[in-house]
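Okay, structure_32.cif now, which holds mmCIF, C-alpha atoms and all ligand atoms:
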```
data_upload
#
loop_
_atom_site.label_atom_id
_atom_site.label_comp_id
_atom_site.auth_asym_id
_atom_site.auth_seq_id
_atom_site.Cartn_x
_atom_site.Cartn_y
_atom_site.Cartn_z
CA MET A 1 114.52 123.31 132.52
CA LYS A 2 115.63 125.18 129.42
CA TYR A 3 117.64 123.87 126.48
CA THR A 4 118.77 125.80 123.41
CA ASN A 5 118.57 123.32 120.57
CA GLN A 6 120.35 123.64 117.25
CA LYS A 7 118.67 121.52 114.60
CA ILE A 8 118.91 120.92 110.87
CA VAL A 9 115.62 121.18 108.99
CA LEU A 10 114.51 120.45 105.44
CA LYS A 11 114.46 123.77 103.58
CA ASN A 12 113.73 122.56 100.04
CA ARG A 13 112.80 119.20 98.60
CA PRO A 14 115.87 118.00 96.71
CA VAL A 15 115.57 117.55 92.96
CA GLY A 16 118.06 114.88 91.90
CA PHE A 17 121.06 114.79 94.23
CA PRO A 18 120.47 116.82 97.40
CA SER A 19 122.44 120.07 97.75
CA ILE A 20 123.58 122.04 100.80
CA ASN A 21 120.85 124.61 100.07
CA ASP A 22 118.16 122.01 100.74
CA PHE A 23 119.04 122.14 104.45
CA GLU A 24 119.01 124.90 107.05
CA ILE A 25 120.33 125.24 110.60
CA VAL A 26 117.70 126.59 113.02
CA ASN A 27 117.77 127.31 116.77
CA GLU A 28 114.88 126.74 119.16
CA THR A 29 114.32 126.68 122.90
CA ILE A 30 112.86 123.66 124.68
CA GLU A 31 111.20 124.69 127.93
CA THR A 32 108.47 122.12 128.59
CA ILE A 33 108.02 118.38 128.38
CA ASN A 34 104.99 116.18 128.92
CA TYR A 35 104.65 113.16 131.18
CA GLY A 36 106.27 110.15 129.49
CA GLU A 37 108.80 112.29 127.65
CA VAL A 38 112.53 112.86 128.11
CA ILE A 39 115.14 115.25 126.75
CA VAL A 40 117.95 113.39 124.99
CA LYS A 41 121.30 115.00 124.28
CA ILE A 42 122.36 113.58 120.92
CA LEU A 43 125.83 112.03 120.87
CA TRP A 44 125.85 110.10 117.57
CA LEU A 45 123.77 110.45 114.42
CA SER A 46 123.32 107.73 111.87
CA LEU A 47 123.16 108.87 108.24
CA ASP A 48 121.33 106.35 106.07
CA PRO A 49 120.38 106.25 102.38
CA TYR A 50 116.63 105.77 103.13
CA MET A 51 116.54 109.36 104.42
CA ARG A 52 116.68 110.56 100.82
CA GLY A 53 113.24 109.02 100.26
CA ARG A 54 111.78 110.92 103.21
CA MET A 55 112.95 114.22 101.69
CA SER A 56 110.71 113.59 98.64
CA GLU A 57 106.95 113.81 98.52
CA ALA A 58 106.66 110.47 96.74
CA LYS A 59 104.74 107.72 98.53
CA SER A 60 107.03 105.32 100.36
CA TYR A 61 107.00 103.06 103.41
CA ALA A 62 108.00 106.03 105.60
CA LEU A 63 106.01 109.27 105.72
CA PRO A 64 107.65 112.18 103.86
CA LEU A 65 109.15 115.02 105.88
CA GLN A 66 107.42 118.39 105.60
CA LEU A 67 109.41 121.52 104.77
CA GLY A 68 110.75 122.97 108.03
CA ASP A 69 110.77 119.57 109.79
CA VAL A 70 113.91 118.45 111.56
CA ILE A 71 115.57 115.72 109.50
CA THR A 72 114.55 112.59 111.37
CA GLY A 73 116.88 109.65 111.66
CA GLY A 74 118.43 107.17 114.02
CA ALA A 75 120.66 108.47 116.80
CA VAL A 76 122.24 107.55 120.12
CA GLY A 77 122.13 109.97 123.02
CA LYS A 78 122.06 110.53 126.76
CA VAL A 79 118.96 111.35 128.80
CA VAL A 80 119.55 114.77 130.38
CA PHE A 81 116.05 115.41 131.71
CA SER A 82 113.30 112.89 132.40
CA ASN A 83 109.58 113.08 133.00
CA CYS A 84 109.17 109.31 132.79
CA PRO A 85 109.68 106.95 135.74
CA LYS A 86 111.35 104.31 133.54
CA TYR A 87 114.19 106.62 132.47
CA LYS A 88 116.72 108.54 134.51
CA GLN A 89 119.38 111.14 133.81
CA GLY A 90 122.45 109.53 132.29
CA ASP A 91 120.67 106.62 130.58
CA ILE A 92 122.10 105.97 127.12
CA VAL A 93 119.32 105.47 124.57
CA GLU A 94 118.76 104.86 120.88
CA GLY A 95 115.82 105.98 118.80
CA PHE A 96 114.84 105.93 115.15
CA THR A 97 113.34 109.44 115.15
CA LEU A 98 115.72 111.42 117.36
CA GLY A 99 116.94 113.38 114.35
CA TRP A 100 119.58 115.86 113.25
CA GLN A 101 119.70 118.06 116.35
CA GLU A 102 121.55 118.64 119.61
CA TYR A 103 118.61 117.89 121.92
CA ALA A 104 115.50 115.85 121.21
CA LYS A 105 112.29 116.03 123.21
CA ILE A 106 110.82 112.60 122.70
CA SER A 107 108.27 110.15 124.08
CA THR A 108 109.94 107.18 125.73
CA ASN A 109 107.76 104.94 123.53
CA ASN A 110 110.13 105.88 120.72
CA ILE A 111 113.47 105.09 122.38
CA ARG A 112 115.15 102.08 123.95
CA LYS A 113 117.88 101.82 126.56
CA ILE A 114 121.18 100.51 125.26
CA ASP A 115 123.21 97.80 126.93
CA THR A 116 126.48 99.76 127.09
CA ASN A 117 128.44 96.58 127.91
CA LEU A 118 127.81 95.01 124.50
CA ALA A 119 129.99 97.30 122.36
CA PRO A 120 130.73 101.04 121.86
CA ILE A 121 127.43 102.90 122.10
CA GLN A 122 127.37 104.11 118.48
CA THR A 123 127.08 100.49 117.33
CA ALA A 124 123.44 100.76 118.47
CA VAL A 125 122.79 102.51 115.14
CA GLY A 126 125.31 100.37 113.27
CA VAL A 127 126.30 96.75 113.52
CA LEU A 128 123.93 96.22 116.50
CA GLY A 129 121.25 98.51 115.08
CA MET A 130 119.25 98.94 111.91
CA PRO A 131 122.04 98.22 109.35
CA GLY A 132 123.21 95.16 111.30
CA MET A 133 119.66 93.83 111.58
CA THR A 134 119.19 94.42 107.84
CA ALA A 135 122.28 92.38 106.99
CA TYR A 136 121.39 89.61 109.44
CA PHE A 137 117.72 89.09 108.55
CA GLY A 138 118.16 89.95 104.87
CA LEU A 139 120.81 87.31 104.46
CA PHE A 140 119.62 84.56 106.81
CA GLU A 141 115.83 84.93 106.49
CA VAL A 142 115.35 86.24 102.97
CA CYS A 143 118.32 84.82 101.04
CA LYS A 144 118.75 81.62 103.11
CA PRO A 145 122.42 80.79 102.51
CA ILE A 146 123.65 77.20 102.13
CA PRO A 147 127.36 76.39 102.59
CA GLY A 148 129.11 76.58 99.23
CA ASP A 149 126.64 79.09 97.74
CA ASN A 150 128.05 81.85 95.56
CA VAL A 151 126.88 85.07 97.24
CA VAL A 152 127.21 88.44 95.49
CA VAL A 153 126.65 91.64 97.47
CA SER A 154 126.64 95.19 96.10
CA ALA A 155 127.67 98.34 98.05
CA ALA A 156 129.91 95.78 99.72
CA SER A 157 132.03 98.11 101.85
CA GLY A 158 129.04 100.02 103.24
CA ALA A 159 127.13 99.65 106.49
CA VAL A 160 124.95 96.75 105.36
CA GLY A 161 127.20 95.26 102.66
CA GLN A 162 130.33 94.79 104.79
CA LEU A 163 128.26 92.70 107.23
CA VAL A 164 126.37 90.69 104.61
CA GLY A 165 129.66 89.47 103.11
CA GLN A 166 131.14 88.56 106.49
CA LEU A 167 127.97 86.77 107.63
CA ALA A 168 127.91 84.84 104.36
CA LYS A 169 131.52 83.78 105.03
CA ILE A 170 130.47 82.62 108.52
CA ALA A 171 127.73 80.61 106.77
CA GLY A 172 130.37 78.90 104.61
CA CYS A 173 129.65 80.69 101.32
CA ASN A 174 131.87 81.94 98.52
CA VAL A 175 131.51 85.74 98.63
CA ILE A 176 131.93 88.29 95.85
CA GLY A 177 131.69 91.97 96.80
CA ILE A 178 130.99 94.84 94.42
CA ALA A 179 132.20 98.35 95.34
CA GLY A 180 133.09 101.64 93.71
CA THR A 181 136.78 102.30 94.50
CA GLU A 182 140.05 100.35 94.54
CA GLU A 183 140.53 101.25 98.22
CA LYS A 184 137.15 99.79 99.14
CA CYS A 185 137.78 96.67 97.02
CA LYS A 186 141.19 96.14 98.63
CA TYR A 187 139.66 96.46 102.09
CA ILE A 188 136.89 93.92 101.55
CA LYS A 189 139.27 91.41 99.98
CA LYS A 190 142.31 91.78 102.27
CA ILE A 191 140.74 92.70 105.63
CA LEU A 192 137.24 91.24 105.41
CA ASN A 193 138.42 88.16 103.46
CA PHE A 194 135.79 88.22 100.75
CA ASP A 195 136.79 85.71 98.06
CA GLU A 196 136.59 88.10 95.11
CA VAL A 197 135.86 91.77 94.50
CA ILE A 198 134.59 93.76 91.54
CA ASN A 199 135.12 97.49 91.06
CA TYR A 200 131.96 98.40 89.15
CA LYS A 201 133.43 101.70 87.98
CA LYS A 202 136.35 99.91 86.29
CA ASP A 203 135.39 96.30 85.61
CA ASN A 204 132.78 94.72 83.35
CA VAL A 205 130.43 93.49 86.09
CA TYR A 206 128.64 90.90 83.92
CA LYS A 207 131.90 89.29 82.75
CA LYS A 208 133.53 89.34 86.19
CA VAL A 209 130.51 87.75 87.87
CA LYS A 210 130.51 85.06 85.17
CA GLU A 211 134.23 84.46 85.71
CA TYR A 212 133.92 84.21 89.51
CA CYS A 213 130.66 82.22 89.48
CA PRO A 214 130.82 79.93 86.41
CA ASP A 215 127.91 77.87 87.80
CA GLY A 216 125.89 80.99 88.54
CA VAL A 217 125.05 83.23 91.48
CA ASN A 218 123.04 81.44 94.16
CA ILE A 219 122.36 84.58 96.21
CA TYR A 220 122.38 88.20 95.17
CA PHE A 221 122.00 90.67 98.06
CA ASP A 222 121.01 93.79 96.15
CA ASN A 223 121.82 97.12 97.78
CA VAL A 224 121.94 99.24 94.64
CA GLY A 225 119.59 98.22 91.78
CA GLY A 226 120.17 99.53 88.25
CA LYS A 227 122.78 98.30 85.77
CA ILE A 228 124.95 96.53 88.38
CA SER A 229 121.98 94.41 89.41
CA ASP A 230 121.02 93.66 85.79
CA ASP A 231 124.53 92.29 85.27
CA VAL A 232 124.44 90.14 88.40
CA ILE A 233 120.90 88.82 87.88
CA SER A 234 121.82 87.87 84.29
CA ASN A 235 124.20 85.37 85.96
CA ILE A 236 121.67 83.95 88.43
CA ALA A 237 121.94 80.20 89.13
CA PRO A 238 119.03 77.75 89.02
CA PHE A 239 116.84 78.40 92.07
CA GLY A 240 118.91 81.48 92.94
CA ARG A 241 117.60 83.93 95.56
CA ILE A 242 117.65 87.67 95.05
CA GLY A 243 117.09 89.76 98.17
CA VAL A 244 116.22 93.33 97.19
CA CYS A 245 117.41 95.43 100.11
CA GLY A 246 117.98 98.83 98.49
CA VAL A 247 118.19 100.63 95.17
CA ILE A 248 120.55 103.52 95.93
CA SER A 249 121.42 103.94 92.24
CA GLN A 250 117.81 105.06 91.74
CA TYR A 251 117.23 107.36 94.73
CA ASN A 252 118.41 110.55 93.02
CA LEU A 253 117.09 109.95 89.51
CA THR A 254 114.75 112.58 88.15
CA GLU A 255 113.51 110.20 85.42
CA MET A 256 113.11 106.44 85.48
CA GLU A 257 116.02 104.61 83.84
CA ALA A 258 115.29 102.25 80.97
CA GLY A 259 117.06 98.99 81.75
CA MET A 260 117.45 95.50 80.43
CA ARG A 261 114.77 92.91 81.20
CA VAL A 262 115.86 90.33 83.80
CA GLN A 263 112.60 88.34 83.86
CA ARG A 264 113.91 85.76 81.39
CA ALA A 265 116.90 84.94 83.64
CA VAL A 266 114.56 84.79 86.65
CA LEU A 267 112.07 82.55 84.83
CA THR A 268 114.45 80.11 83.17
CA ASN A 269 116.38 79.67 86.42
CA GLN A 270 113.25 79.54 88.57
CA ALA A 271 114.89 82.19 90.74
CA SER A 272 113.03 84.06 93.45
CA VAL A 273 113.08 87.80 94.03
CA GLU A 274 112.02 89.19 97.41
CA GLY A 275 112.05 92.78 98.55
CA PHE A 276 112.20 93.29 102.29
CA LEU A 277 112.09 96.04 104.89
CA VAL A 278 114.04 95.27 108.03
CA PHE A 279 111.18 96.35 110.33
CA ARG A 280 109.40 93.12 109.38
CA PHE A 281 111.80 91.36 111.76
CA GLU A 282 111.63 93.87 114.63
CA GLN A 283 110.28 91.37 117.18
CA ARG A 284 113.43 89.30 116.77
CA TYR A 285 116.05 92.09 116.90
CA PRO A 286 117.17 91.19 120.46
CA ILE A 287 118.16 87.66 119.41
CA ALA A 288 120.04 88.87 116.33
CA ARG A 289 121.74 91.62 118.36
CA LYS A 290 123.09 89.03 120.83
CA ARG A 291 124.46 86.85 118.04
CA MET A 292 126.05 89.80 116.25
CA ALA A 293 127.58 91.07 119.52
CA SER A 294 129.05 87.63 120.19
CA TRP A 295 130.63 87.44 116.69
CA LEU A 296 131.98 90.97 117.21
CA SER A 297 133.55 90.16 120.57
CA LYS A 298 135.22 87.04 119.15
CA GLY A 299 136.61 89.01 116.21
CA GLN A 300 134.57 86.98 113.71
CA LEU A 301 132.92 90.21 112.58
CA ILE A 302 134.83 93.39 111.84
CA TRP A 303 132.98 96.69 111.75
CA LYS A 304 134.18 99.78 109.89
CA GLU A 305 132.83 103.23 110.71
CA ASP A 306 133.29 106.48 108.82
CA ILE A 307 133.03 109.23 111.46
CA VAL A 308 132.45 112.90 110.67
CA ASN A 309 132.65 115.44 113.52
CA GLY A 310 129.97 118.11 114.07
CA LEU A 311 126.21 118.32 113.56
CA ASP A 312 126.68 121.10 111.00
CA LYS A 313 128.57 118.65 108.76
CA ALA A 314 125.57 116.31 108.44
CA PRO A 315 124.17 117.73 105.16
CA GLU A 316 127.54 117.57 103.37
CA ALA A 317 128.21 114.07 104.69
CA PHE A 318 124.74 112.93 103.60
CA ILE A 319 125.29 114.25 100.08
CA GLY A 320 128.61 112.35 100.07
CA LEU A 321 126.81 109.14 101.10
CA MET A 322 124.66 109.40 97.97
CA LYS A 323 127.87 109.59 95.90
CA GLY A 324 129.89 106.82 97.58
CA LYS A 325 132.20 109.15 99.54
CA ASN A 326 131.63 107.23 102.77
CA PHE A 327 133.82 104.23 103.51
CA GLY A 328 132.02 102.12 106.10
CA LYS A 329 129.04 103.08 108.26
CA LEU A 330 128.57 106.85 108.10
CA LEU A 331 128.14 108.48 111.52
CA ILE A 332 128.13 112.05 112.77
CA LYS A 333 129.73 112.59 116.17
CA VAL A 334 127.59 115.38 117.60
CA SER A 335 128.89 115.56 121.15
CA ASP A 336 131.09 113.72 123.71
N1 LIG B 1 115.46 97.21 103.17
C1 LIG B 1 115.82 97.75 104.30
O1 LIG B 1 115.17 97.61 105.33
C2 LIG B 1 117.10 98.54 104.34
C3 LIG B 1 117.73 98.88 105.55
C4 LIG B 1 118.96 99.56 105.52
C5 LIG B 1 119.51 99.91 104.29
N2 LIG B 1 118.85 99.58 103.15
C6 LIG B 1 119.43 99.91 101.84
O2 LIG B 1 120.68 99.22 101.74
C7 LIG B 1 121.55 99.95 100.89
C8 LIG B 1 122.88 100.18 101.60
O3 LIG B 1 122.64 101.02 102.72
P1 LIG B 1 123.83 101.36 103.72
O4 LIG B 1 123.24 102.06 104.87
O5 LIG B 1 124.62 100.14 103.95
O6 LIG B 1 124.68 102.43 102.89
P2 LIG B 1 126.23 102.35 102.54
O7 LIG B 1 126.44 101.14 101.71
O8 LIG B 1 127.02 102.54 103.77
O9 LIG B 1 126.43 103.66 101.65
C9 LIG B 1 125.89 103.74 100.39
C10 LIG B 1 126.88 103.21 99.34
O10 LIG B 1 126.17 102.96 98.14
C11 LIG B 1 127.06 103.01 97.07
N3 LIG B 1 126.44 103.75 95.96
C12 LIG B 1 126.03 105.03 95.94
N4 LIG B 1 125.52 105.34 94.73
C13 LIG B 1 125.63 104.23 93.98
C14 LIG B 1 125.28 103.92 92.64
N5 LIG B 1 124.72 104.82 91.83
N6 LIG B 1 125.53 102.67 92.18
C15 LIG B 1 126.10 101.75 92.99
N7 LIG B 1 126.46 101.98 94.27
C16 LIG B 1 126.21 103.21 94.75
C17 LIG B 1 128.32 103.77 97.55
O11 LIG B 1 129.40 102.85 97.62
P3 LIG B 1 130.35 102.60 96.34
O12 LIG B 1 131.53 103.50 96.49
O13 LIG B 1 130.69 101.16 96.47
O14 LIG B 1 129.56 102.95 95.12
C18 LIG B 1 127.92 104.24 98.94
O15 LIG B 1 129.02 104.28 99.80
C19 LIG B 1 120.84 101.23 100.51
O16 LIG B 1 120.22 101.06 99.24
C20 LIG B 1 119.78 101.36 101.58
O17 LIG B 1 118.68 102.11 101.18
C21 LIG B 1 117.67 98.94 103.15
#
```
Would you put the structure from the file into structure tokens?
Amino acid sequence: MKYTNQKIVLKNRPVGFPSINDFEIVNETIETINYGEVIVKILWLSLDPYMRGRMSEAKSYALPLQLGDVITGGAVGKVVFSNCPKYKQGDIVEGFTLGWQEYAKISTNNIRKIDTNLAPIQTAVGVLGMPGMTAYFGLFEVCKPIPGDNVVVSAASGAVGQLVGQLAKIAGCNVIGIAGTEEKCKYIKKILNFDEVINYKKDNVYKKVKEYCPDGVNIYFDNVGGKISDDVISNIAPFGRIGVCGVISQYNLTEMEAGMRVQRAVLTNQASVEGFLVFRFEQRYPIARKRMASWLSKGQLIWKEDIVNGLDKAPEAFIGLMKGKNFGKLLIKVSD
């Protein structure tokens, strides 16, 4: 057994927005594996905003990468060599730490076999994987929609946001999506059937939310934080629920932003604010995955992917993700 592995490692810790020079392509040879390990040939990589946090030294829920480490992240691949009785050559697997590389040597404790009959295999890191689980549990368990609720979701055309809006429609809600381009806004209104859209780069978010939700926002699914969220939360309805999923507008700041104070709106409306990490719901992923797969197969859920070809394109694509260049779930196709 001998595999030449090309991998992308962290060369420098990014300051502000990451740059191409923060990453480096390195080759290594894999010649040994331990009992309980397999070699996975990576087919699809998932690029996700949380990875920016792991590139910093700052304390977070995930351990920071060290300089020289392969960039870890979710991926789907094929077992090409196995030293574990539970896995055989050809099994298609998904793992959260497979990383930006051609071959991963990994303990089978850190991967799962994919049911390839459910949907195309890359959905295991998309609608049937971490982003899908985030939308499902964040909306249903944290925000608790009631038919007729006004639901606002930010980063609405992205991996999580596109699903949150569609699930809220399934739950009988009135859905307002916020996104950063006319093309994205058109897509979520015309194809995904959101009720209203707001282009935050063009529109006055506070005024638009007030216009579309005169009685207030019952649910705000927050993917971005910052000024957009101040404007939405200022329109919160009595007993509104704010699910804080992500704060991408803050991930590349070098200094904390001074913002407005939303506590008054939260207090006077007796609103609740809850941050959540999807892993809290891990035990129940299989149930959610089945429900999502059923909605997908019936066409009740539509899933948009943004596919970039080639492992070497991962750094550039990741930088684009931080700037809204992706349109849908960002994936790297590494190999056939
Ligand atoms: N809590 C959890 O467990 C969990 C799990 C998964 C993801 N998340 C979080 O959920 C959020 C969405 O993740 P995703 O994977 O679905 O990514 P995504 O929405 O597919 O991609 C990120 C999008 O964020 C928007 N964006 C970037 N910078 C922005 C800014 N300064 N202000 C407003 N919008 C900005 C861009 O869209 P526009 O063109 O519309 O600006 C970009 O396309 C992220 O904050 C992520 O960290 C949390």
**Study point:** CA of Phe318 (chain A) to CA of Val76 (chain A), distance in Å rounded to a single decimal
**Key:**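 Answer for the CA of Phe318 (chain A) to CA of Val76 (chain A) separation: 17.6 Å.
As for CA of Lys41 (chain A) and CA of Lys304 (chain A), they are spaced 24.6 Å apart.
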Exercise for review: Take CA of Phe279 (chain A) and CA of Asn109 (chain A) and report the distance between them in Å, one decimal.
Suggested key: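 According to the coordinates, CA of Phe279 (chain A) and CA of Asn109 (chain A) are separated by 16.1 Å.
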Point to revise | Environment of ligand LIG 1 (chain B) within 7 Å, counting all atoms listed in the file, reported as a count of residues only | key: 39
Check your understanding: Residues at most 9 Å from Gly53 (chain A), counting all atoms listed in the file, excluding those fewer than 6 positions away in the same chain, as a list in words?
Key -> Lys59, Ser60, Ala62, Pro64 and Tyr251 of chain A
With C-alpha atoms retained, export the selected residues as a PDB file, in the frame of the given file.
```pdb
ATOM      1  CA  LYS A  59     104.740 107.720  98.530  1.00  0.00           C
ATOM      2  CA  SER A  60     107.030 105.320 100.360  1.00  0.00           C
ATOM      3  CA  ALA A  62     108.000 106.030 105.600  1.00  0.00           C
ATOM      4  CA  PRO A  64     107.650 112.180 103.860  1.00  0.00           C
ATOM      5  CA  TYR A 251     117.230 107.360  94.730  1.00  0.00           C
TER       6      TYR A 251
END
```
Review point. Which polymer residues have any atom within 8 Å of an atom of Gly172 (chain A), counting only C-alpha atoms, with same-chain residues fewer than 6 positions away left out, as JSON, numbers by chain?
Key: {"A": [146, 147, 148, 149]}
Include C-alpha atoms and write out the residues we just selected as a short mmCIF file (atom, residue, chain, number, x, y, z; two decimals), keeping the file's coordinate frame.
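Output contents, as saved in part.cif:
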```
data_model
loop_
_atom_site.label_atom_id
_atom_site.label_comp_id
_atom_site.auth_asym_id
_atom_site.auth_seq_id
_atom_site.Cartn_x
_atom_site.Cartn_y
_atom_site.Cartn_z
CA ILE A 146 123.65 77.20 102.13
CA PRO A 147 127.36 76.39 102.59
CA GLY A 148 129.11 76.58 99.23
CA ASP A 149 126.64 79.09 97.74
#
```
Practice item. Go through A:Ile30, A:Val217, A:Val125, A:Cys173 one by one, measure the shortest atom-to-atom distance of each to Phe96 (chain A) using all atoms listed in the file, and give the residue with the smallest value. Key: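 When distances to Phe96 (chain A) are compared using all atoms listed in the file, the smallest one comes from A:Val125.
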Review point. Which residue, A:Phe281, A:Trp44, A:Phe17, A:Phe23, has the smallest gap to Ile332 (chain A) when you use only C-alpha atoms?
Key: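 Smallest separation from Ile332 (chain A) among the options: A:Trp44.
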Point to revise | For Arg261 (chain A): contacts at 12 Å, only C-alpha atoms, fewer than 2 positions along chain excluded, given as a ChimeraX atom specification | key: /A:226-227,229-231,233-234,258-259,263-267
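For the choices A:Val15, A:Ala124, A:Ala171, A:Met1, the atom-to-atom distance to Leu253 (chain A) is smallest for A:Val15 when using all atoms listed in the file.
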Exercise for review: Check the smallest atom-to-atom distance from each of A:Lys298, A:Lys105, A:Lys189, A:Lys290 to Leu128 (chain A) using all atoms listed in the file, then report the winner.
Suggested key: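 Among A:Lys298, A:Lys105, A:Lys189, A:Lys290, it is A:Lys290 that comes nearest to Leu128 (chain A).
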**Study point:** Shortest interatomic distance to Ile92 (chain A) - which of A:Thr116, A:Asn269, A:Thr108, A:Asn27, counting all atoms listed in the file
**Key:**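 Answer, going by the shortest atom-to-atom distance: A:Thr116.
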**Study point:** Shortest interatomic distance to Leu163 (chain A) - which of A:Val26, A:Ile219, A:Val232, A:Leu296, counting only C-alpha atoms
**Key:**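 Between A:Val26, A:Ile219, A:Val232, A:Leu296, the residue approaching Leu163 (chain A) most closely is A:Leu296.
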Exercise for review: Could you give me, as a PyMOL selection string, the residues within 12 Å of Glu31 (chain A), counting only C-alpha atoms and dropping anything in the same chain fewer than 3 positions from it?
Suggested key: chain A and resi 1-5+28+34+38-39+81+103-105
